[in-house]
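*Asks:* What follows is the file run_36.txt, containing compact mmCIF, C-alpha atoms (C1' of nucleotides):
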```
# COMPACT_ATOMS: atom_id res chain seq x y z
CA MET M 1 -11.73 16.64 2.21
CA LYS M 2 -8.09 17.21 3.10
CA VAL M 3 -5.16 15.56 1.43
CA GLN M 4 -4.36 13.24 4.32
CA ALA M 5 -7.94 11.99 4.56
CA THR M 6 -7.98 11.47 0.82
CA ILE M 7 -4.87 9.34 0.93
CA GLU M 8 -6.35 7.25 3.73
CA ALA M 9 -9.57 6.71 1.79
CA LEU M 10 -7.69 5.84 -1.40
CA SER M 11 -5.41 3.37 0.31
CA ALA M 12 -8.36 1.81 2.12
CA LEU M 13 -10.04 1.13 -1.22
CA ALA M 14 -6.84 0.12 -3.01
CA ASN M 15 -7.12 -3.52 -2.06
CA GLU M 16 -9.04 -6.31 -3.72
CA HIS M 17 -10.71 -7.53 -0.55
CA ARG M 18 -11.54 -4.13 0.86
CA LEU M 19 -12.98 -2.90 -2.42
CA ALA M 20 -15.15 -6.02 -2.55
CA ILE M 21 -16.26 -5.46 1.03
CA TYR M 22 -17.08 -1.85 0.34
CA ARG M 23 -19.07 -2.67 -2.78
CA LEU M 24 -20.98 -5.35 -0.90
CA LEU M 25 -21.88 -2.80 1.76
CA VAL M 26 -22.98 -0.28 -0.86
CA GLN M 27 -25.33 -2.90 -2.27
CA ALA M 28 -26.52 -3.77 1.21
CA GLY M 29 -27.69 -0.21 1.75
CA PRO M 30 -28.09 1.73 5.00
CA GLU M 31 -29.04 -1.34 7.02
CA GLY M 32 -25.58 -2.72 6.43
CA ARG M 33 -24.42 -6.25 7.11
CA ALA M 34 -23.05 -8.19 10.04
CA ALA M 35 -19.38 -9.12 9.94
CA GLY M 36 -20.26 -12.79 9.85
CA ALA M 37 -22.54 -12.33 6.85
CA ILE M 38 -19.77 -10.51 5.01
CA ALA M 39 -17.31 -13.26 5.84
CA ASP M 40 -19.72 -15.88 4.53
CA ASN M 41 -20.42 -13.91 1.40
CA LEU M 42 -16.79 -13.28 0.53
CA GLY M 43 -15.42 -16.49 1.95
CA MET M 44 -12.67 -15.07 4.08
CA PRO M 45 -11.39 -15.89 7.57
CA ALA M 46 -12.93 -13.84 10.36
CA SER M 47 -9.64 -12.37 11.52
CA SER M 48 -8.64 -11.27 8.03
CA LEU M 49 -12.02 -9.69 7.48
CA SER M 50 -11.81 -7.87 10.77
CA PHE M 51 -8.45 -6.43 9.75
CA HIS M 52 -9.90 -5.04 6.54
CA LEU M 53 -13.08 -3.74 8.17
CA ALA M 54 -10.95 -1.85 10.68
CA HIS M 55 -8.99 -0.32 7.81
CA LEU M 56 -12.13 0.89 6.03
CA ASN M 57 -13.56 2.15 9.31
CA ARG M 58 -10.41 4.12 10.13
CA ALA M 59 -10.68 5.79 6.74
CA GLY M 60 -14.27 6.79 7.52
CA LEU M 61 -15.66 4.84 4.60
CA ILE M 62 -17.83 2.56 6.71
CA SER M 63 -19.57 2.81 10.05
CA GLN M 64 -19.97 0.24 12.77
CA ARG M 65 -22.85 -0.42 15.14
CA ARG M 66 -23.58 -3.23 17.51
CA GLU M 67 -26.81 -5.16 17.36
CA SER M 68 -26.93 -7.80 20.02
CA ARG M 69 -23.98 -10.11 19.43
CA SER M 70 -23.39 -8.90 15.91
CA LEU M 71 -21.42 -5.92 14.70
CA ILE M 72 -23.10 -4.37 11.71
CA TYR M 73 -21.11 -2.46 9.14
CA ALA M 74 -22.56 -0.01 6.64
CA ALA M 75 -21.11 2.11 3.85
CA ASP M 76 -20.72 5.81 4.58
CA TYR M 77 -21.83 7.43 1.36
CA ALA M 78 -20.86 10.92 2.49
CA GLN M 79 -17.23 9.94 2.71
CA MET M 80 -17.25 8.42 -0.77
CA ASN M 81 -18.98 11.54 -1.98
CA ALA M 82 -16.19 13.62 -0.45
CA LEU M 83 -13.54 11.44 -2.05
CA VAL M 84 -15.10 11.70 -5.50
CA GLY M 85 -15.45 15.43 -4.91
CA PHE M 86 -11.76 15.77 -4.09
CA LEU M 87 -10.71 13.87 -7.18
CA THR M 88 -13.05 15.83 -9.39
CA GLU M 89 -11.94 19.18 -8.04
CA ASN M 90 -8.24 18.61 -7.59
CA CYS M 91 -7.25 15.90 -9.98
CA CYS M 92 -9.17 16.64 -13.13
CA GLY M 93 -8.13 18.92 -15.94
CA GLY M 94 -11.26 20.99 -16.14
CA ALA M 95 -14.06 20.15 -18.54
CA SER M 96 -12.16 17.22 -19.99
CA CYS M 97 -12.76 15.29 -16.78
CA ALA M 98 -15.84 15.44 -14.53
CA PRO M 99 -18.32 12.79 -15.72
CA VAL M 100 -21.30 15.10 -15.41
CA ALA M 101 -19.56 18.16 -16.86
CA ASP M 102 -20.29 20.46 -13.95
CA LYS M 103 -17.38 22.11 -12.19
CA ARG M 104 -19.06 25.15 -10.71
CA LYS M 105 -19.15 23.91 -7.16
CA LYS M 106 -15.95 24.02 -5.09
CA ALA M 107 -16.32 22.28 -1.76
CA SER M 108 -13.33 22.20 0.59
CA MET I 1 -12.96 0.43 -16.01
CA LYS I 2 -12.42 -3.03 -14.57
CA VAL I 3 -11.86 -3.86 -10.95
CA GLN I 4 -8.18 -4.66 -11.35
CA ALA I 5 -7.45 -1.41 -13.18
CA THR I 6 -9.38 0.47 -10.53
CA ILE I 7 -7.30 -1.03 -7.75
CA GLU I 8 -4.11 -0.13 -9.59
CA ALA I 9 -5.24 3.46 -10.08
CA LEU I 10 -6.33 3.77 -6.46
CA SER I 11 -3.09 2.39 -5.10
CA ALA I 12 -1.08 4.61 -7.43
CA LEU I 13 -2.82 7.67 -5.99
CA ALA I 14 -2.78 6.40 -2.39
CA ASN I 15 0.61 7.88 -1.62
CA GLU I 16 1.53 11.36 -0.48
CA HIS I 17 4.26 11.84 -3.07
CA ARG I 18 2.39 10.35 -5.99
CA LEU I 19 -0.76 12.32 -5.26
CA ALA I 20 1.36 15.49 -5.17
CA ILE I 21 3.02 14.55 -8.45
CA TYR I 22 -0.31 13.84 -10.06
CA ARG I 23 -1.83 17.11 -8.89
CA LEU I 24 1.20 19.00 -10.15
CA LEU I 25 0.77 17.40 -13.56
CA VAL I 26 -2.92 18.21 -13.62
CA GLN I 27 -2.03 21.85 -13.01
CA ALA I 28 0.67 21.68 -15.64
CA GLY I 29 -1.89 20.72 -18.25
CA PRO I 30 -1.44 18.75 -21.47
CA GLU I 31 2.11 20.01 -22.05
CA GLY I 32 3.21 18.20 -18.92
CA ARG I 33 6.49 18.62 -17.10
CA ALA I 34 9.97 17.20 -17.32
CA ALA I 35 11.03 14.79 -14.57
CA GLY I 36 13.73 17.19 -13.45
CA ALA I 37 11.27 20.05 -13.11
CA ILE I 38 9.00 17.86 -10.99
CA ALA I 39 11.94 16.83 -8.82
CA ASP I 40 12.90 20.47 -8.29
CA ASN I 41 9.35 21.47 -7.56
CA LEU I 42 8.70 18.73 -5.02
CA GLY I 43 12.24 18.50 -3.68
CA MET I 44 12.75 14.79 -4.00
CA PRO I 45 15.70 12.65 -5.13
CA ALA I 46 15.68 11.72 -8.80
CA SER I 47 15.61 7.98 -8.18
CA SER I 48 12.68 8.19 -5.77
CA LEU I 49 10.76 10.37 -8.18
CA SER I 50 11.43 7.95 -11.01
CA PHE I 51 10.02 5.13 -8.90
CA HIS I 52 6.80 7.03 -8.29
CA LEU I 53 6.45 8.18 -11.89
CA ALA I 54 6.77 4.59 -13.05
CA HIS I 55 4.03 3.61 -10.63
CA LEU I 56 1.63 6.27 -11.94
CA ASN I 57 2.53 5.40 -15.50
CA ARG I 58 1.86 1.68 -14.95
CA ALA I 59 -1.57 2.60 -13.63
CA GLY I 60 -2.26 4.60 -16.79
CA LEU I 61 -2.71 7.85 -14.89
CA ILE I 62 0.12 9.65 -16.62
CA SER I 63 1.81 9.45 -19.99
CA GLN I 64 5.47 9.77 -20.89
CA ARG I 65 7.14 11.29 -23.93
CA ARG I 66 10.72 12.13 -24.70
CA GLU I 67 11.75 15.61 -25.76
CA SER I 68 15.42 15.75 -26.40
CA ARG I 69 17.20 14.76 -23.20
CA SER I 70 14.13 15.25 -21.05
CA LEU I 71 11.29 12.88 -20.36
CA ILE I 72 8.04 14.76 -20.14
CA TYR I 73 5.18 13.45 -18.05
CA ALA I 74 1.57 14.53 -18.37
CA ALA I 75 -1.66 13.64 -16.58
CA ASP I 76 -4.04 11.34 -18.44
CA TYR I 77 -7.42 12.86 -17.72
CA ALA I 78 -9.33 10.03 -19.36
CA GLN I 79 -8.03 7.54 -16.83
CA MET I 80 -9.00 9.75 -13.91
CA ASN I 81 -12.37 10.21 -15.52
CA ALA I 82 -12.73 6.44 -15.73
CA LEU I 83 -11.74 6.06 -12.09
CA VAL I 84 -14.26 8.63 -10.91
CA GLY I 85 -16.83 6.95 -13.12
CA PHE I 86 -16.18 3.57 -11.54
CA LEU I 87 -16.50 4.96 -8.04
CA THR I 88 -19.66 6.83 -8.88
CA GLU I 89 -21.30 3.87 -10.56
CA ASN I 90 -20.15 1.05 -8.30
CA CYS I 91 -19.42 2.56 -4.95
CA CYS I 92 -22.17 5.06 -4.38
CA GLY I 93 -25.55 4.43 -2.86
CA GLY I 94 -27.66 6.04 -5.51
CA ALA I 95 -28.86 9.63 -5.16
CA SER I 96 -27.17 10.04 -1.78
CA CYS I 97 -23.79 10.10 -3.50
CA ALA I 98 -22.88 11.82 -6.79
CA PRO I 99 -21.61 15.35 -5.99
CA VAL I 100 -23.80 17.15 -8.50
CA ALA I 101 -26.95 15.15 -7.76
CA ASP I 102 -27.29 13.95 -11.32
CA LYS I 103 -27.08 10.25 -11.92
CA ARG I 104 -29.00 10.03 -15.15
CA LYS I 105 -25.93 10.18 -17.34
CA LYS I 106 -23.54 7.26 -17.31
CA ALA I 107 -20.21 8.27 -18.76
CA SER I 108 -17.62 5.54 -19.26
C1' DT D 1 -23.10 -18.95 36.22
C1' DC D 2 -22.30 -21.93 32.42
C1' DT D 3 -22.27 -22.46 27.55
C1' DA D 4 -22.67 -20.94 22.89
C1' DT D 5 -22.22 -17.40 19.40
C1' DA D 6 -20.10 -13.29 17.20
C1' DT D 7 -16.26 -10.79 16.58
C1' DT D 8 -11.90 -8.68 17.72
C1' DT D 9 -7.10 -8.55 19.19
C1' DC D 10 -2.61 -10.72 19.40
C1' DG D 11 1.42 -12.50 17.40
C1' DA D 12 4.38 -14.50 14.18
C1' DT D 13 5.38 -14.94 9.35
C1' DG D 14 5.83 -13.74 4.67
C1' DA D 15 5.16 -10.40 1.05
C1' DT D 16 5.26 -5.92 -0.88
C1' DA D 17 6.48 -1.03 -0.92
C1' DC D 18 9.58 2.98 -0.18
C1' DT D 19 14.09 5.24 -0.02
C1' DG D 20 18.20 7.10 -2.06
C1' DG D 21 23.08 6.65 -3.52
C1' DA D 22 25.75 4.71 -7.21
C1' DA D 23 26.10 2.90 -11.73
C1' DA D 24 24.07 2.53 -16.29
C1' DT D 25 21.60 4.47 -20.38
C1' DA D 26 20.05 8.10 -23.65
C1' DT D 27 20.70 12.38 -25.90
C1' DA D 28 23.05 16.50 -27.43
C1' DG D 29 26.68 19.68 -28.52
C1' DA D 30 31.66 20.90 -29.19
C1' DT F 1 34.69 11.04 -29.80
C1' DC F 2 34.62 13.43 -25.50
C1' DT F 3 31.97 15.69 -22.07
C1' DA F 4 27.86 17.27 -19.90
C1' DT F 5 22.99 16.77 -18.87
C1' DA F 6 18.70 14.18 -17.93
C1' DT F 7 16.85 10.29 -16.29
C1' DT F 8 16.42 5.49 -15.22
C1' DT F 9 17.79 1.06 -13.29
C1' DC F 10 20.06 -1.51 -9.74
C1' DC F 11 20.64 -2.71 -5.11
C1' DA F 12 20.40 -3.05 -0.25
C1' DG F 13 18.28 -1.59 3.74
C1' DT F 14 14.10 -0.35 6.21
C1' DA F 15 9.36 0.01 6.86
C1' DT F 16 4.66 -1.02 6.19
C1' DC F 17 0.97 -4.30 4.89
C1' DA F 18 -1.53 -8.79 4.63
C1' DT F 19 -2.58 -13.36 6.42
C1' DC F 20 -4.79 -16.35 9.67
C1' DG F 21 -4.80 -19.49 13.75
C1' DA F 22 -5.26 -19.04 18.60
C1' DA F 23 -6.60 -16.53 22.52
C1' DA F 24 -9.38 -12.82 24.40
C1' DT F 25 -13.68 -9.99 24.75
C1' DA F 26 -18.70 -9.05 24.38
C1' DT F 27 -23.36 -10.52 24.42
C1' DA F 28 -27.25 -13.57 25.14
C1' DG F 29 -29.98 -17.38 26.80
C1' DA F 30 -30.76 -21.49 29.81
```
For this file, write the structure as C-alpha cells.
*Replies:*
Amino acid sequence: MKVQATIEALSALANEHRLAIYRLLVQAGPEGRAAGAIADNLGMPASSLSFHLAHLNRAGLISQRRESRSLIYAADYAQMNALVGFLTENCCGGASCAPVADKRKKAS
Amino acid sequence: MKVQATIEALSALANEHRLAIYRLLVQAGPEGRAAGAIADNLGMPASSLSFHLAHLNRAGLISQRRESRSLIYAADYAQMNALVGFLTENCCGGASCAPVADKRKKAS
DNA sequence: TCTATATTTCGATGATACTGGAAATATAGA
DNA sequence: TCTATATTTCCAGTATCATCGAAATATAGA
C-alpha cells in the first residue's frame, strides 16, 4: 500500500460514524448490508449516511453492489489487511510493535 | 484501546505531514529527534511543525522530553501497537485479515 | 405509465483543520 | 543581565469536512 492510499484509508476510518459503519459491515460479513439497513441500525439520515459510505468506498475500504432497488455495501478485508500491513511495516519500531511478533514478511 | 482513542490516533496519522513525522520518529528510534531536526529534515516551518507534533502528542503516538534548549520527540510504539491491535480485533473479518494469518493470540 | 421504494446528489450552512509569520516563552552561556 | 538559540503560542486567513432537507435518479410492480 502506498502512502497516499494509506492516508485515504486512515482518514476514512478517522470518524466516529464511518468507523461505526465499517465495524457494522465487518460484523455483517461478505453478504454486506443495504444502505437502508445501515441507516436504521445506526439511526442516521440517509443523506448523511450516503456521504460517509462514499468516503469509505473512495478509500477502497468497502465495496458496493446493487441488488434490485437496494445498494449493498460490504467491508473489503483486503484493504484493511493492507492498511494494517503498512502500519506494521512502516510505523512500528521492530519487535517492540507487531502484535504477533513476526516481521519477516515485507509486502509493498 | 477504546473507540475514541482509536479515532484520535487514526486522525492524527491521517495527514501527509504527520504520517511523515511519525515515520521519521520511528526510524529515529527511542532516542527521538529534536523539533528543529525534524523541521530541517522535512522542510517545514517551525510553527506548522509544532502544530502537527502537538496533534500526534495529544493522540499519544509520540512523547516529548526536554533536553536543554531542545524538545525531543520520540515515537510511542505501544500506542501504535494498540492501534494495530484494535484494527485487527475489531475491523477484520476473521482469518481473511491478519497479515500473518495467526489470530490465536490477542495482544492488547 | 403511474406509483412506491431505495438511495444518491445538490446546495447551503456551520464547524473544524491547516498554514505560516510574528510575538511570547524557555534555556543556556558570556 | 544581555544575547542567542530552540520552540511554542497566538492570530488571521484559507481550505476542507460534516450535516441534512429537498430534489433527482434508479428500480420494481400494478
*Asks:* Using every C-alpha atom paired in order, could you least-squares fit chain M onto chain I and give me the moved chain as a short mmCIF file (atom, residue, chain, number, x, y, z; two decimals) with C-alpha atoms, in the frame of the given file?
*Replies:*
```
data_model
loop_
_atom_site.label_atom_id
_atom_site.label_comp_id
_atom_site.auth_asym_id
_atom_site.auth_seq_id
_atom_site.Cartn_x
_atom_site.Cartn_y
_atom_site.Cartn_z
CA MET M 1 -13.22 1.03 -16.11
CA LYS M 2 -12.78 -2.50 -14.80
CA VAL M 3 -12.20 -3.42 -11.20
CA GLN M 4 -8.54 -4.31 -11.66
CA ALA M 5 -7.75 -1.03 -13.40
CA THR M 6 -9.59 0.83 -10.68
CA ILE M 7 -7.54 -0.80 -7.97
CA GLU M 8 -4.34 0.07 -9.82
CA ALA M 9 -5.39 3.70 -10.19
CA LEU M 10 -6.44 3.93 -6.54
CA SER M 11 -3.23 2.43 -5.25
CA ALA M 12 -1.19 4.67 -7.54
CA LEU M 13 -2.83 7.73 -6.00
CA ALA M 14 -2.79 6.37 -2.45
CA ASN M 15 0.64 7.73 -1.66
CA GLU M 16 1.66 11.16 -0.46
CA HIS M 17 4.37 11.64 -3.05
CA ARG M 18 2.45 10.26 -5.99
CA LEU M 19 -0.64 12.30 -5.17
CA ALA M 20 1.54 15.40 -5.01
CA ILE M 21 3.15 14.51 -8.33
CA TYR M 22 -0.21 13.93 -9.93
CA ARG M 23 -1.63 17.21 -8.66
CA LEU M 24 1.44 19.06 -9.89
CA LEU M 25 0.93 17.56 -13.33
CA VAL M 26 -2.75 18.49 -13.33
CA GLN M 27 -1.75 22.08 -12.63
CA ALA M 28 0.92 21.90 -15.30
CA GLY M 29 -1.69 21.10 -17.92
CA PRO M 30 -1.31 19.20 -21.20
CA GLU M 31 2.25 20.39 -21.78
CA GLY M 32 3.32 18.47 -18.71
CA ARG M 33 6.64 18.75 -16.93
CA ALA M 34 10.08 17.22 -17.24
CA ALA M 35 11.11 14.73 -14.58
CA GLY M 36 13.88 17.02 -13.43
CA ALA M 37 11.49 19.94 -12.97
CA ILE M 38 9.20 17.75 -10.88
CA ALA M 39 12.12 16.59 -8.77
CA ASP M 40 13.18 20.19 -8.18
CA ASN M 41 9.66 21.25 -7.35
CA LEU M 42 8.99 18.47 -4.88
CA GLY M 43 12.52 18.12 -3.61
CA MET M 44 12.95 14.41 -4.03
CA PRO M 45 15.82 12.24 -5.26
CA ALA M 46 15.73 11.40 -8.95
CA SER M 47 15.58 7.66 -8.42
CA SER M 48 12.70 7.89 -5.95
CA LEU M 49 10.79 10.16 -8.29
CA SER M 50 11.35 7.80 -11.18
CA PHE M 51 9.92 4.95 -9.12
CA HIS M 52 6.75 6.90 -8.43
CA LEU M 53 6.39 8.18 -11.99
CA ALA M 54 6.61 4.61 -13.24
CA HIS M 55 3.86 3.63 -10.82
CA LEU M 56 1.52 6.38 -12.02
CA ASN M 57 2.36 5.58 -15.63
CA ARG M 58 1.60 1.88 -15.17
CA ALA M 59 -1.79 2.84 -13.78
CA GLY M 60 -2.46 4.95 -16.88
CA LEU M 61 -2.81 8.14 -14.89
CA ILE M 62 0.06 9.93 -16.60
CA SER M 63 1.70 9.78 -20.00
CA GLN M 64 5.34 10.02 -20.94
CA ARG M 65 7.01 11.58 -23.96
CA ARG M 66 10.59 12.33 -24.76
CA GLU M 67 11.72 15.79 -25.73
CA SER M 68 15.40 15.86 -26.44
CA ARG M 69 17.16 14.74 -23.27
CA SER M 70 14.14 15.27 -21.08
CA LEU M 71 11.24 12.95 -20.40
CA ILE M 72 8.05 14.92 -20.07
CA TYR M 73 5.18 13.63 -17.99
CA ALA M 74 1.59 14.82 -18.25
CA ALA M 75 -1.63 13.96 -16.43
CA ASP M 76 -4.08 11.77 -18.31
CA TYR M 77 -7.41 13.35 -17.52
CA ALA M 78 -9.40 10.61 -19.23
CA GLN M 79 -8.14 8.04 -16.79
CA MET M 80 -9.03 10.19 -13.79
CA ASN M 81 -12.40 10.77 -15.37
CA ALA M 82 -12.86 7.01 -15.66
CA LEU M 83 -11.84 6.51 -12.04
CA VAL M 84 -14.27 9.12 -10.77
CA GLY M 85 -16.91 7.57 -13.01
CA PHE M 86 -16.33 4.13 -11.51
CA LEU M 87 -16.58 5.42 -7.97
CA THR M 88 -19.69 7.41 -8.74
CA GLU M 89 -21.42 4.52 -10.45
CA ASN M 90 -20.34 1.62 -8.30
CA CYS M 91 -19.54 3.00 -4.92
CA CYS M 92 -22.21 5.57 -4.26
CA GLY M 93 -25.60 4.98 -2.75
CA GLY M 94 -27.67 6.69 -5.39
CA ALA M 95 -28.72 10.31 -5.07
CA SER M 96 -27.09 10.66 -1.68
CA CYS M 97 -23.68 10.58 -3.35
CA ALA M 98 -22.75 12.00 -6.77
CA PRO M 99 -21.60 15.61 -6.28
CA VAL M 100 -23.54 16.88 -9.28
CA ALA M 101 -26.66 14.82 -8.61
CA ASP M 102 -26.81 13.18 -12.01
CA LYS M 103 -26.77 9.40 -12.18
CA ARG M 104 -28.45 8.82 -15.51
CA LYS M 105 -25.34 7.89 -17.41
CA LYS M 106 -23.87 4.40 -16.95
CA ALA M 107 -20.52 4.00 -18.65
CA SER M 108 -18.76 0.64 -18.41
#
```
*Asks:* Give as JSON, numbers by chain every residue of chain M that touches chain I within 9 Å, counting all atoms listed in the file.
*Replies:* {"M": [3, 4, 6, 7, 8, 9, 10, 11, 12, 13, 14, 15, 16, 19, 22, 23, 25, 26, 27, 29, 30, 75, 76, 77, 78, 80, 81, 82, 84, 85, 87, 88, 90, 91, 92, 93, 96, 97, 98, 99, 100, 102, 103, 105]}
*Asks:* May I have a table of the residues of segment 8-103 of chain I lying at most 12 Å from segment 1-16 of chain F, giving each one's closest pair of atoms and their distance in Å to one decimal, counting only C-alpha atoms (C1' of nucleotides), ordered by chain and ascending residue number, as a Markdown table?
*Replies:*
```
| residue | atom | partner | partner_atom | distance |
| --- | --- | --- | --- | --- |
| I:Ala34 | CA | F:DA6 | C1' | 9.3 |
| I:Ala35 | CA | F:DT7 | C1' | 7.6 |
| I:Gly36 | CA | F:DA6 | C1' | 7.3 |
| I:Ala37 | CA | F:DA6 | C1' | 10.6 |
| I:Ala39 | CA | F:DT7 | C1' | 11.1 |
| I:Pro45 | CA | F:DT7 | C1' | 11.5 |
| I:Ala46 | CA | F:DT7 | C1' | 7.7 |
| I:Ser47 | CA | F:DT8 | C1' | 7.5 |
| I:Ser48 | CA | F:DT8 | C1' | 10.5 |
| I:Leu49 | CA | F:DT7 | C1' | 10.1 |
| I:Ser50 | CA | F:DT8 | C1' | 7.0 |
| I:Phe51 | CA | F:DT8 | C1' | 9.0 |
| I:His52 | CA | F:DT8 | C1' | 12.0 |
| I:Leu53 | CA | F:DT8 | C1' | 10.9 |
| I:Ala54 | CA | F:DT8 | C1' | 9.9 |
| I:Arg66 | CA | F:DT7 | C1' | 10.6 |
| I:Glu67 | CA | F:DA6 | C1' | 10.6 |
| I:Ser68 | CA | F:DA6 | C1' | 9.2 |
| I:Arg69 | CA | F:DA6 | C1' | 5.5 |
| I:Ser70 | CA | F:DA6 | C1' | 5.6 |
| I:Leu71 | CA | F:DT7 | C1' | 7.4 |
| I:Ile72 | CA | F:DT7 | C1' | 10.6 |
```
*Asks:* Quick check, in Å to one decimal: how far apart do atom CA of Ile38 of chain I and atom C1' of DG20 of chain D lie?
*Replies:* 16.7 Å
*Asks:* Taking only residues of chain D that have an atom at most 8 Å from an atom of chain I, what is each one's shortest atom pair and its distance in Å to one decimal, using all atoms listed in the file, in chain and number order, as a tab-separated table?
*Replies:*
```
residue	atom	partner	partner_atom	distance
D:DT19	C1'	I:Ser48	CA	6.6
D:DG20	C1'	I:Ser47	CA	6.7
D:DA26	C1'	I:Arg69	CA	7.3
D:DT27	C1'	I:Arg69	CA	5.0
D:DA28	C1'	I:Arg69	CA	7.4
```
*Asks:* For the selection you just gave me, I'd like the residues written to a file as an mmCIF file, in the coordinates of the input, keeping C-alpha atoms (C1' of nucleotides).
*Replies:*
```
data_model
loop_
_atom_site.group_PDB
_atom_site.id
_atom_site.type_symbol
_atom_site.label_atom_id
_atom_site.label_comp_id
_atom_site.auth_asym_id
_atom_site.auth_seq_id
_atom_site.Cartn_x
_atom_site.Cartn_y
_atom_site.Cartn_z
ATOM 1 C "C1'" DT D 19 14.090 5.240 -0.020
ATOM 2 C "C1'" DG D 20 18.200 7.100 -2.060
ATOM 3 C "C1'" DA D 26 20.050 8.100 -23.650
ATOM 4 C "C1'" DT D 27 20.700 12.380 -25.900
ATOM 5 C "C1'" DA D 28 23.050 16.500 -27.430
#
```
*Asks:* Compile the residues of chain F that lie within 9 Å of chain M, evaluated using all atoms listed in the file, and express the compilation as number ranges by chain.
*Replies:* F: 18-21, 26-28
*Asks:* Could you check how far atom CA of Glu89 of chain I sits from atom CA of Lys2 of chain I, in Å to one decimal?
*Replies:*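 Taking atom CA of Glu89 of chain I and atom CA of Lys2 of chain I, their separation equals 11.9 Å.
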*Asks:* So what do you get for atom CA of Leu61 of chain M versus atom CA of Gly60 of chain I, distance-wise?
*Replies:*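 These atoms are spaced 25.2 Å apart.
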*Asks:* From the set M:Met1, M:Glu31, M:His55, M:Gln64, which residue has the shortest atom-to-atom contact distance to DC17 of chain F, counting all atoms listed in the file?
*Replies:* M:His55
*Asks:* Box along x, y and z, 8 Å on every side, all listed atoms of segment 35-43 of chain I inside: centre and edge lengths in Å to one decimal, as JSON.
*Replies:*
```
{"center_x": 11.2, "center_y": 18.1, "center_z": -9.1, "size_x": 21.0, "size_y": 22.7, "size_z": 26.9}
```
